[in-house]
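Data from query-v1.cif: mmCIF, C-alpha atoms
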```cif
data_upload
loop_
_atom_site.group_PDB
_atom_site.id
_atom_site.type_symbol
_atom_site.label_atom_id
_atom_site.label_comp_id
_atom_site.auth_asym_id
_atom_site.auth_seq_id
_atom_site.Cartn_x
_atom_site.Cartn_y
_atom_site.Cartn_z
ATOM 1 C CA MET A 350 95.731 105.167 70.208
ATOM 2 C CA ALA A 351 98.941 104.961 72.154
ATOM 3 C CA LEU A 352 99.105 103.126 75.445
ATOM 4 C CA GLU A 353 100.514 106.086 77.402
ATOM 5 C CA PRO A 354 102.212 103.819 79.931
ATOM 6 C CA ASP A 355 103.148 106.662 82.296
ATOM 7 C CA VAL A 356 99.473 107.442 82.905
ATOM 8 C CA ASP A 357 98.823 103.780 83.653
ATOM 9 C CA VAL A 358 101.768 103.650 86.041
ATOM 10 C CA ASP A 359 100.595 106.785 87.866
ATOM 11 C CA LEU A 360 97.058 105.418 88.172
ATOM 12 C CA LEU A 361 98.334 102.089 89.398
ATOM 13 C CA ARG A 362 100.570 103.722 91.995
ATOM 14 C CA ALA A 363 97.559 105.705 93.240
ATOM 15 C CA PHE A 364 95.486 102.504 93.384
ATOM 16 C CA LYS A 365 98.203 100.730 95.368
ATOM 17 C CA ARG A 366 98.142 103.632 97.815
ATOM 18 C CA GLY A 367 94.424 102.981 98.350
ATOM 19 C CA ASP A 368 92.765 105.229 95.768
ATOM 20 C CA GLY A 369 89.880 103.126 94.445
ATOM 21 C CA SER A 370 88.902 105.678 91.811
ATOM 22 C CA ALA A 371 92.325 105.273 90.210
ATOM 23 C CA PHE A 372 91.508 101.660 89.419
ATOM 24 C CA GLU A 373 88.188 102.709 87.872
ATOM 25 C CA GLN A 374 90.055 105.137 85.635
ATOM 26 C CA LEU A 375 92.540 102.443 84.687
ATOM 27 C CA ALA A 376 89.660 100.084 83.850
ATOM 28 C CA LYS A 377 87.906 102.739 81.745
ATOM 29 C CA ARG A 378 91.099 103.390 79.815
ATOM 30 C CA HIS A 379 91.535 99.727 78.907
ATOM 31 C CA GLN A 380 88.132 98.056 79.050
ATOM 32 C CA ASP A 381 87.247 98.618 75.382
ATOM 33 C CA ARG A 382 90.607 97.374 74.160
ATOM 34 C CA ILE A 383 90.432 94.322 76.428
ATOM 35 C CA TYR A 384 86.847 93.694 75.329
ATOM 36 C CA ARG A 385 87.761 93.850 71.634
ATOM 37 C CA LEU A 386 90.682 91.492 72.085
ATOM 38 C CA CYS A 387 88.510 89.091 74.099
ATOM 39 C CA ALA A 388 85.818 89.323 71.426
ATOM 40 C CA VAL A 389 88.247 88.249 68.729
ATOM 41 C CA TRP A 390 89.776 85.501 70.842
ATOM 42 C CA LEU A 391 86.342 84.178 71.812
ATOM 43 C CA PHE A 392 84.299 85.245 68.744
ATOM 44 C CA ASP A 393 81.318 85.913 70.976
ATOM 45 C CA SER A 394 80.404 89.415 72.039
ATOM 46 C CA GLN A 395 78.593 88.404 75.231
ATOM 47 C CA LEU A 396 81.283 85.971 76.287
ATOM 48 C CA ALA A 397 83.823 88.719 75.590
ATOM 49 C CA ALA A 398 81.953 90.980 78.022
ATOM 50 C CA ASP A 399 82.147 88.280 80.678
ATOM 51 C CA ALA A 400 85.855 87.742 79.973
ATOM 52 C CA THR A 401 86.487 91.488 80.250
ATOM 53 C CA GLN A 402 84.677 91.541 83.573
ATOM 54 C CA GLU A 403 86.730 88.587 84.786
ATOM 55 C CA THR A 404 89.984 90.186 83.603
ATOM 56 C CA PHE A 405 89.364 93.336 85.614
ATOM 57 C CA LEU A 406 88.206 91.388 88.656
ATOM 58 C CA ARG A 407 91.529 89.556 88.575
ATOM 59 C CA ALA A 408 93.289 92.851 88.035
ATOM 60 C CA LEU A 409 91.611 94.272 91.130
ATOM 61 C CA ASN A 410 93.417 91.670 93.238
ATOM 62 C CA GLY A 411 96.480 91.006 91.100
ATOM 63 C CA LEU A 412 97.523 94.603 90.522
ATOM 64 C CA ARG A 413 97.786 95.219 94.265
ATOM 65 C CA LYS A 414 100.926 93.084 94.177
ATOM 66 C CA PHE A 415 102.141 94.544 90.884
ATOM 67 C CA GLN A 416 105.905 95.122 91.039
ATOM 68 C CA PHE A 417 106.185 97.386 87.937
ATOM 69 C CA ARG A 418 108.512 94.929 86.223
ATOM 70 C CA ALA A 419 106.219 95.127 83.178
ATOM 71 C CA LYS A 420 103.752 97.702 81.921
ATOM 72 C CA PRO A 421 100.264 97.572 83.447
ATOM 73 C CA ALA A 422 98.780 97.321 79.935
ATOM 74 C CA THR A 423 100.940 94.275 79.219
ATOM 75 C CA TRP A 424 99.785 92.673 82.464
ATOM 76 C CA LEU A 425 96.136 93.312 81.566
ATOM 77 C CA TYR A 426 96.658 92.002 78.061
ATOM 78 C CA ARG A 427 98.268 88.795 79.328
ATOM 79 C CA THR A 428 95.552 88.316 81.949
ATOM 80 C CA ALA A 429 92.845 88.768 79.328
ATOM 81 C CA GLN A 430 94.612 86.225 77.140
ATOM 82 C CA LEU A 431 94.658 83.692 79.994
ATOM 83 C CA VAL A 432 91.009 84.344 80.822
ATOM 84 C CA CYS A 433 90.005 83.799 77.178
ATOM 85 C CA MET A 434 92.005 80.568 77.030
ATOM 86 C CA GLU A 435 90.170 79.364 80.132
ATOM 87 C CA PHE A 436 86.804 80.411 78.680
ATOM 88 C CA ASN A 437 87.576 78.572 75.448
ATOM 89 C CA ARG A 438 88.585 75.432 77.377
ATOM 90 C CA LYS A 439 85.356 75.520 79.377
ATOM 91 C CA ARG A 440 83.362 76.097 76.212
ATOM 92 C CA GLU A 441 84.815 72.925 74.676
ATOM 93 C CA PHE A 442 83.200 70.890 77.456
ATOM 94 C CA ALA A 443 79.977 72.883 77.772
ATOM 95 C CA PRO A 444 79.084 74.688 74.535
ATOM 96 C CA LEU A 445 77.177 77.883 75.163
ATOM 97 C CA PRO A 446 73.999 78.537 73.206
ATOM 98 C CA ASP A 447 74.585 81.122 70.496
ATOM 99 C CA VAL A 448 71.783 83.436 71.566
ATOM 100 C CA VAL A 449 71.750 87.178 72.016
ATOM 101 C CA ARG A 450 70.997 88.020 75.630
ATOM 102 C CA ASP A 451 68.723 90.916 76.482
ATOM 103 C CA GLU A 452 71.224 93.211 78.167
ATOM 104 C CA THR A 453 72.413 96.726 77.594
ATOM 105 C CA PRO A 454 73.356 98.182 75.130
ATOM 106 C CA GLY A 455 70.574 96.247 73.545
ATOM 107 C CA PRO A 456 70.272 93.173 71.393
ATOM 108 C CA ALA A 457 70.443 95.136 68.173
ATOM 109 C CA GLN A 458 73.819 96.586 69.035
ATOM 110 C CA GLN A 459 75.064 93.217 70.159
ATOM 111 C CA HIS A 460 73.937 91.748 66.877
ATOM 112 C CA LEU A 461 75.887 94.407 64.979
ATOM 113 C CA ASP A 462 78.896 93.704 67.138
ATOM 114 C CA GLN A 463 78.575 90.063 66.335
ATOM 115 C CA LEU A 464 78.464 90.865 62.625
ATOM 116 C CA VAL A 465 81.686 92.834 62.943
ATOM 117 C CA LEU A 466 83.264 89.971 64.812
ATOM 118 C CA ASP A 467 82.135 87.540 62.153
ATOM 119 C CA ASP A 468 83.712 89.793 59.536
ATOM 120 C CA VAL A 469 86.941 89.960 61.525
ATOM 121 C CA LYS A 470 86.839 86.227 62.007
ATOM 122 C CA ALA A 471 86.354 85.680 58.297
ATOM 123 C CA LEU A 472 89.323 87.933 57.648
ATOM 124 C CA ILE A 473 91.868 86.580 60.073
ATOM 125 C CA GLU A 474 90.924 82.937 60.577
ATOM 126 C CA GLN A 475 93.532 81.878 58.052
ATOM 127 C CA LEU A 476 96.313 83.485 60.075
ATOM 128 C CA SER A 477 98.388 81.777 62.717
ATOM 129 C CA SER A 478 97.705 82.808 66.308
ATOM 130 C CA ARG A 479 100.794 85.039 66.441
ATOM 131 C CA GLN A 480 100.039 86.655 63.096
ATOM 132 C CA ARG A 481 96.467 87.241 64.298
ATOM 133 C CA GLU A 482 97.689 88.944 67.442
ATOM 134 C CA VAL A 483 100.039 91.169 65.490
ATOM 135 C CA VAL A 484 97.260 92.189 63.089
ATOM 136 C CA LEU A 485 94.879 92.863 65.953
ATOM 137 C CA LEU A 486 97.313 94.993 67.895
ATOM 138 C CA ARG A 487 99.147 96.680 65.025
ATOM 139 C CA THR A 488 96.387 97.213 62.457
ATOM 140 C CA PHE A 489 93.147 96.977 64.405
ATOM 141 C CA GLU A 490 94.260 98.526 67.704
ATOM 142 C CA ASP A 491 96.604 100.892 65.857
ATOM 143 C CA LEU A 492 99.508 100.328 68.223
ATOM 144 C CA SER A 493 103.094 101.054 67.238
ATOM 145 C CA ILE A 494 105.534 98.251 66.451
ATOM 146 C CA LYS A 495 107.269 98.933 69.762
ATOM 147 C CA GLU A 496 104.018 98.738 71.735
ATOM 148 C CA THR A 497 102.935 95.584 69.910
ATOM 149 C CA ALA A 498 106.299 93.973 70.655
ATOM 150 C CA SER A 499 106.027 95.008 74.281
ATOM 151 C CA LEU A 500 102.512 93.593 74.680
ATOM 152 C CA MET A 501 103.378 90.323 72.972
ATOM 153 C CA GLY A 502 106.736 89.983 74.703
ATOM 154 C CA ILE A 503 108.624 89.606 71.413
ATOM 155 C CA ARG A 504 111.207 91.642 69.511
ATOM 156 C CA GLU A 505 110.286 94.450 67.140
ATOM 157 C CA GLY A 506 111.914 92.590 64.235
ATOM 158 C CA THR A 507 109.670 89.611 64.908
ATOM 159 C CA VAL A 508 106.636 91.907 64.863
ATOM 160 C CA LYS A 509 107.683 93.293 61.476
ATOM 161 C CA ALA A 510 108.212 89.812 60.046
ATOM 162 C CA LEU A 511 104.893 88.520 61.372
ATOM 163 C CA MET A 512 103.121 91.644 60.136
ATOM 164 C CA HIS A 513 104.565 91.281 56.641
ATOM 165 C CA LYS A 514 103.439 87.645 56.304
ATOM 166 C CA ALA A 515 100.023 88.397 57.812
ATOM 167 C CA THR A 516 99.431 91.334 55.465
ATOM 168 C CA GLU A 517 100.271 89.228 52.431
ATOM 169 C CA LYS A 518 97.828 86.550 53.558
ATOM 170 C CA LEU A 519 95.110 89.102 54.304
ATOM 171 C CA LYS A 520 95.462 90.776 50.909
ATOM 172 C CA MET A 521 95.202 87.433 49.203
ATOM 173 C CA ARG A 522 92.105 86.562 51.194
ATOM 174 C CA MET A 523 90.458 89.914 50.489
ATOM 175 C CA ARG A 524 91.123 89.509 46.773
ATOM 176 C CA MET A 525 89.514 86.070 46.879
ATOM 177 C CA ARG A 526 86.491 87.448 48.712
ATOM 178 C CA SER A 527 86.093 90.305 46.214
ATOM 179 C CA ALA A 528 86.321 87.853 43.349
ATOM 180 C CA ASN A 529 83.597 85.680 44.873
ATOM 181 C CA GLU A 530 81.304 88.689 45.369
ATOM 182 C CA MET B 127 88.523 96.967 45.076
ATOM 183 C CA ASN B 128 91.452 98.075 47.169
ATOM 184 C CA THR B 129 92.170 95.385 49.728
ATOM 185 C CA ASN B 130 94.014 97.790 52.014
ATOM 186 C CA ASN B 131 90.889 99.955 52.213
ATOM 187 C CA ASP B 132 88.802 96.910 53.073
ATOM 188 C CA ILE B 133 91.121 96.019 55.889
ATOM 189 C CA ASP B 134 91.138 99.596 57.150
ATOM 190 C CA GLU B 135 87.339 99.795 56.991
ATOM 191 C CA LEU B 136 86.991 96.607 58.956
ATOM 192 C CA ALA B 137 89.566 97.793 61.476
ATOM 193 C CA GLU B 138 87.598 100.999 61.926
ATOM 194 C CA LYS B 139 84.416 99.033 62.556
ATOM 195 C CA TYR B 140 86.292 96.846 64.973
ATOM 196 C CA ARG B 141 87.580 99.882 66.890
ATOM 197 C CA ARG B 142 84.021 101.024 67.441
ATOM 198 C CA LEU B 143 83.349 97.891 69.427
ATOM 199 C CA SER B 144 83.144 98.811 73.041
ATOM 200 C CA ALA B 145 82.465 96.938 76.232
ATOM 201 C CA PRO B 146 78.641 96.696 76.240
ATOM 202 C CA VAL B 147 78.143 97.313 79.931
ATOM 203 C CA ALA B 148 80.027 99.115 82.613
ATOM 204 C CA LEU B 149 82.279 96.798 84.570
ATOM 205 C CA ARG B 150 80.719 95.519 87.773
ATOM 206 C CA LEU B 151 83.726 95.802 90.000
ATOM 207 C CA PRO B 152 83.500 95.551 93.779
ATOM 208 C CA SER B 153 84.652 98.657 95.560
ATOM 209 C CA PRO B 154 88.072 98.150 97.085
ATOM 210 C CA GLU B 155 87.918 97.438 100.801
ATOM 211 C CA PRO B 156 89.216 100.254 102.984
ATOM 212 C CA GLY B 157 92.738 99.566 104.082
ATOM 213 C CA SER B 158 93.152 96.846 101.487
ATOM 214 C CA ALA B 159 95.702 98.867 99.577
ATOM 215 C CA ALA B 160 99.245 97.662 99.685
ATOM 216 C CA LYS B 161 100.816 98.515 103.014
ATOM 217 C CA PRO B 162 104.004 100.542 103.110
ATOM 218 C CA PHE B 163 107.241 98.620 103.329
ATOM 219 C CA HIS B 164 107.850 99.259 107.013
ATOM 220 C CA ALA B 165 104.320 98.046 107.895
ATOM 221 C CA GLY B 166 105.039 94.726 106.283
ATOM 222 C CA LEU B 167 108.399 94.562 108.027
ATOM 223 C CA ILE B 168 106.979 94.750 111.556
ATOM 224 C CA PRO B 169 105.501 91.224 111.680
ATOM 225 C CA LEU B 170 108.701 89.928 110.122
ATOM 226 C CA MET B 171 110.804 91.598 112.800
ATOM 227 C CA ALA B 172 108.484 90.275 115.538
ATOM 228 C CA ALA B 173 108.849 86.751 114.180
ATOM 229 C CA LEU B 174 112.639 87.161 114.011
ATOM 230 C CA ILE B 175 112.802 88.377 117.611
ATOM 231 C CA ALA B 176 110.658 85.436 118.742
ATOM 232 C CA ILE B 177 112.997 83.004 116.980
ATOM 233 C CA VAL B 178 116.085 84.604 118.533
ATOM 234 C CA ALA B 179 114.450 84.476 121.995
ATOM 235 C CA LEU B 180 113.642 80.809 121.474
ATOM 236 C CA VAL B 181 117.211 79.986 120.430
ATOM 237 C CA VAL B 182 118.626 81.872 123.422
ATOM 238 C CA SER B 183 116.286 80.102 125.833
ATOM 239 C CA MET B 184 117.274 76.735 124.381
ATOM 240 C CA ASN B 185 120.988 77.454 124.941
ATOM 241 C CA ALA B 186 120.494 78.797 128.495
ATOM 242 C CA PRO B 187 121.140 76.398 131.493
ATOM 243 C CA ASN B 188 118.103 74.625 132.813
ATOM 244 C CA PRO B 189 116.617 75.752 136.180
ATOM 245 C CA GLY B 190 118.436 72.981 138.160
ATOM 246 C CA GLU B 191 121.799 73.943 136.771
ATOM 247 C CA ARG B 192 121.078 77.580 137.402
ATOM 248 C CA GLN B 193 120.152 76.834 141.044
ATOM 249 C CA GLY B 194 123.317 74.761 141.574
ATOM 250 C CA SER B 195 125.577 77.428 140.215
ATOM 251 C CA GLN B 196 123.854 79.994 142.403
ATOM 252 C CA LEU B 197 124.475 77.803 145.499
ATOM 253 C CA VAL B 198 128.147 77.411 144.651
ATOM 254 C CA ALA B 199 128.455 81.155 144.246
ATOM 255 C CA GLN B 200 126.750 81.745 147.554
ATOM 256 C CA TRP B 201 129.033 79.179 149.311
ATOM 257 C CA SER B 202 132.118 80.805 147.843
ATOM 258 C CA ILE B 203 131.020 84.175 149.100
ATOM 259 C CA ALA B 204 130.180 82.821 152.559
ATOM 260 C CA THR B 205 133.559 81.049 153.029
ATOM 261 C CA PRO B 206 136.261 83.230 151.615
ATOM 262 C CA GLU B 207 139.024 81.151 153.275
ATOM 263 C CA SER B 208 137.985 78.101 151.354
ATOM 264 C CA SER B 209 140.019 79.220 148.396
ATOM 265 C CA ALA B 210 143.147 79.489 150.579
ATOM 266 C CA ASP B 211 142.557 75.985 151.969
ATOM 267 C CA LEU B 212 142.116 74.612 148.561
ATOM 268 C CA SER B 213 145.361 76.174 147.377
ATOM 269 C CA SER B 214 147.307 74.716 150.313
ATOM 270 C CA ILE B 215 145.872 71.268 149.633
ATOM 271 C CA ARG B 216 146.806 71.659 146.021
ATOM 272 C CA THR B 217 150.376 72.596 147.007
ATOM 273 C CA ARG B 218 150.718 69.582 149.239
ATOM 274 C CA LEU B 219 149.319 67.266 146.654
ATOM 275 C CA SER B 220 151.677 68.555 144.037
ATOM 276 C CA ALA B 221 154.783 68.118 146.241
ATOM 277 C CA PRO B 222 157.159 65.275 145.176
ATOM 278 C CA VAL B 223 156.542 62.070 147.099
ATOM 279 C CA SER B 224 159.598 60.139 148.430
ATOM 280 C CA LEU B 225 159.451 56.416 148.020
ATOM 281 C CA GLU B 226 162.292 55.709 150.541
ATOM 282 C CA THR B 227 161.253 54.365 153.962
ATOM 283 C CA PRO B 228 162.508 56.513 156.816
ATOM 284 C CA ARG B 229 165.518 55.110 158.721
ATOM 285 C CA ARG B 230 165.400 54.558 162.378
ATOM 286 C CA PRO B 231 168.010 56.384 164.431
ATOM 287 C CA ALA B 232 171.170 54.347 164.827
ATOM 288 C CA GLN B 233 171.498 54.936 168.584
ATOM 289 C CA THR B 234 168.171 53.425 169.378
ATOM 290 C CA ARG B 235 169.090 50.325 167.404
ATOM 291 C CA ASP B 236 172.389 50.026 169.227
ATOM 292 C CA VAL B 237 170.820 50.494 172.605
ATOM 293 C CA ILE B 238 168.301 47.853 171.917
ATOM 294 C CA ASN B 239 170.965 45.477 170.754
ATOM 295 C CA GLU B 240 173.126 45.960 173.819
ATOM 296 C CA SER B 241 170.223 45.622 176.216
ATOM 297 C CA THR B 242 169.065 42.577 174.364
ATOM 298 C CA LEU B 243 172.518 41.163 174.538
ATOM 299 C CA LYS B 244 172.774 41.978 178.248
ATOM 300 C CA ASN B 245 169.419 40.394 178.880
ATOM 301 C CA SER B 246 170.325 37.383 176.919
ATOM 302 C CA SER B 247 173.674 37.108 178.787
ATOM 303 C CA ILE B 248 171.874 37.396 182.058
ATOM 304 C CA GLU B 249 169.579 34.712 181.037
ATOM 305 C CA LEU B 250 172.539 32.557 180.074
ATOM 306 C CA ASN B 251 174.258 33.281 183.369
ATOM 307 C CA GLU B 252 171.211 32.418 185.340
ATOM 308 C CA LYS B 253 170.880 29.195 183.450
ATOM 309 C CA ASP B 254 174.479 28.483 184.127
#
```

Any chance you could give the structure as structure tokens?
Amino acid sequence: MALEPDVDVDLLRAFKRGDGSAFEQLAKRHQDRIYRLCAVWLFDSQLAADATQETFLRALNGLRKFQFRAKPATWLYRTAQLVCMEFNRKREFAPLPDVVRDETPGPAQQHLDQLVLDDVKALIEQLSSRQREVVLLRTFEDLSIKETASLMGIREGTVKALMHKATEKLKMRMRMRSANE
Amino acid sequence: MNTNNDIDELAEKYRRLSAPVALRLPSPEPGSAAKPFHAGLIPLMAALIAIVALVVSMNAPNPGERQGSQLVAQWSIATPESSADLSSIRTRLSAPVSLETPRRPAQTRDVINESTLKNSSIELNEKD
């Protein structure tokens, strides 16, 4: 699941020239990834949908001034991260009720999504925030070390080191879970 | 149980997560796309020209000064000899000035003396 940055750049150039459909294509290419990342950062599938919506709304305005100093995917990733931080801050003051809303694709699917998120949460909650990001991008999103480093704005060596520590922690946690079952 | 398989299985489940609804994005406004470079430059150039015009107008003489200089120019054109007069005055003014008082002619002095003497002798004779 490579990022294919050239495609993103071409779509973004078309969008900056006034092609609205190019932005829709860009959003379709990234919305699931952004949603998954938001879901793990927020641990709430519905809130993740709202955060994804907000990320792309900001992108609609922000990407018009994009100077191509970074990759569009990196920009989206960073924006999603900021949006989730804001959502988490707001949630601290006004906790949202943990209910499943009746929206497409249906409450049942949302419930399953929530179960997956709970499983992911149970797996990676022991990791530091940077280790969690590396695991999400490298293992869960199946990005290369280079792409993970690019998205996180760190060096490839740092990605490898974080990945090694995170994997050791995850294996230990999985062994503990298996033993308890 | 292989822990790596567990992680992979969970990752696979995670990858199946997809945004539940289509994004509700407003359609981009027509003409809201980034303008080409030269289009953005036009207002900048207009502002620059306005600033230059303002600076030039601030340095230009005020209307009174302009009117005065125009009158002087007109006067100079109307009286072309004025420049010659001015130069002659300048020449005279620049000439060295003698501080010595002019002498009276000697003859006149002598004549006066003799006549005075004659008159005085006449007077004496008459008194005598």

Compare B:Ser213, B:Ser220, B:Ser183, B:Asn130 by their minimum atom-to-atom distance to Arg524 (chain A), counting only C-alpha atoms, and give me the closest one.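 When distances to Arg524 (chain A) are compared using only C-alpha atoms, the smallest one comes from B:Asn130.
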
Interface residues on chain A facing chain B, 7 Å, all atoms listed in the file, written as an NGL selection string: :A and (365-367 or 369 or 380-381 or 384-385 or 398 or 402 or 406 or 413 or 453-454 or 462 or 465 or 488-490 or 520 or 523-524)

Students should find that CA of Leu391 (chain A) and CA of Phe436 (chain A) are spaced 7.8 Å

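The two atoms in question, CA of Arg407 (chain A) and CA of Val358 (chain A), are spaced 17.6 Å apart.
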
Nearest-residue call for Leu464 (chain A), choices A:Thr516, A:Ser478, A:Thr507, A:Ser394, using only C-alpha atoms: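 Of A:Thr516, A:Ser478, A:Thr507, A:Ser394, the one nearest Leu464 (chain A), counting only C-alpha atoms, is A:Ser394.
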
One decimal, in Å: what's the spacing between CA of Phe415 (chain A) and CA of Arg362 (chain A)?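 That distance, rounded to one decimal, is 9.4 Å.
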
Can you list, as a list in words, every protein, DNA or RNA residue that comes within 9 Å of Val508 (chain A) when you count all atoms listed in the file, leaving out same-chain residues fewer than 2 positions away?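 Answer for this query is Gln480, Val483, Arg487, Ile494, Lys495, Thr497, Ala498, Met501, Ile503, Arg504, Glu505, Gly506, Ala510, Leu511, Met512 and His513 of chain A.
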
Just the selected residues (C-alpha atoms), exported as a CSV table (one decimal), keeping the file's coordinate frame, please.
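Result written to result.csv:
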```
chain,number,residue,atom,x,y,z
A,480,GLN,CA,100.0,86.7,63.1
A,483,VAL,CA,100.0,91.2,65.5
A,487,ARG,CA,99.1,96.7,65.0
A,494,ILE,CA,105.5,98.3,66.5
A,495,LYS,CA,107.3,98.9,69.8
A,497,THR,CA,102.9,95.6,69.9
A,498,ALA,CA,106.3,94.0,70.7
A,501,MET,CA,103.4,90.3,73.0
A,503,ILE,CA,108.6,89.6,71.4
A,504,ARG,CA,111.2,91.6,69.5
A,505,GLU,CA,110.3,94.4,67.1
A,506,GLY,CA,111.9,92.6,64.2
A,510,ALA,CA,108.2,89.8,60.0
A,511,LEU,CA,104.9,88.5,61.4
A,512,MET,CA,103.1,91.6,60.1
A,513,HIS,CA,104.6,91.3,56.6
```

Box for region 128-134 of chain B: with edges along x, y and z, all listed atoms inside and 8 Å added on each side, what are the centre and edge lengths in Å to one decimal, as AutoDock Vina command-line options?
```
--center_x 91.4 --center_y 97.7 --center_z 52.2 --size_x 21.2 --size_y 20.6 --size_z 26.0
```
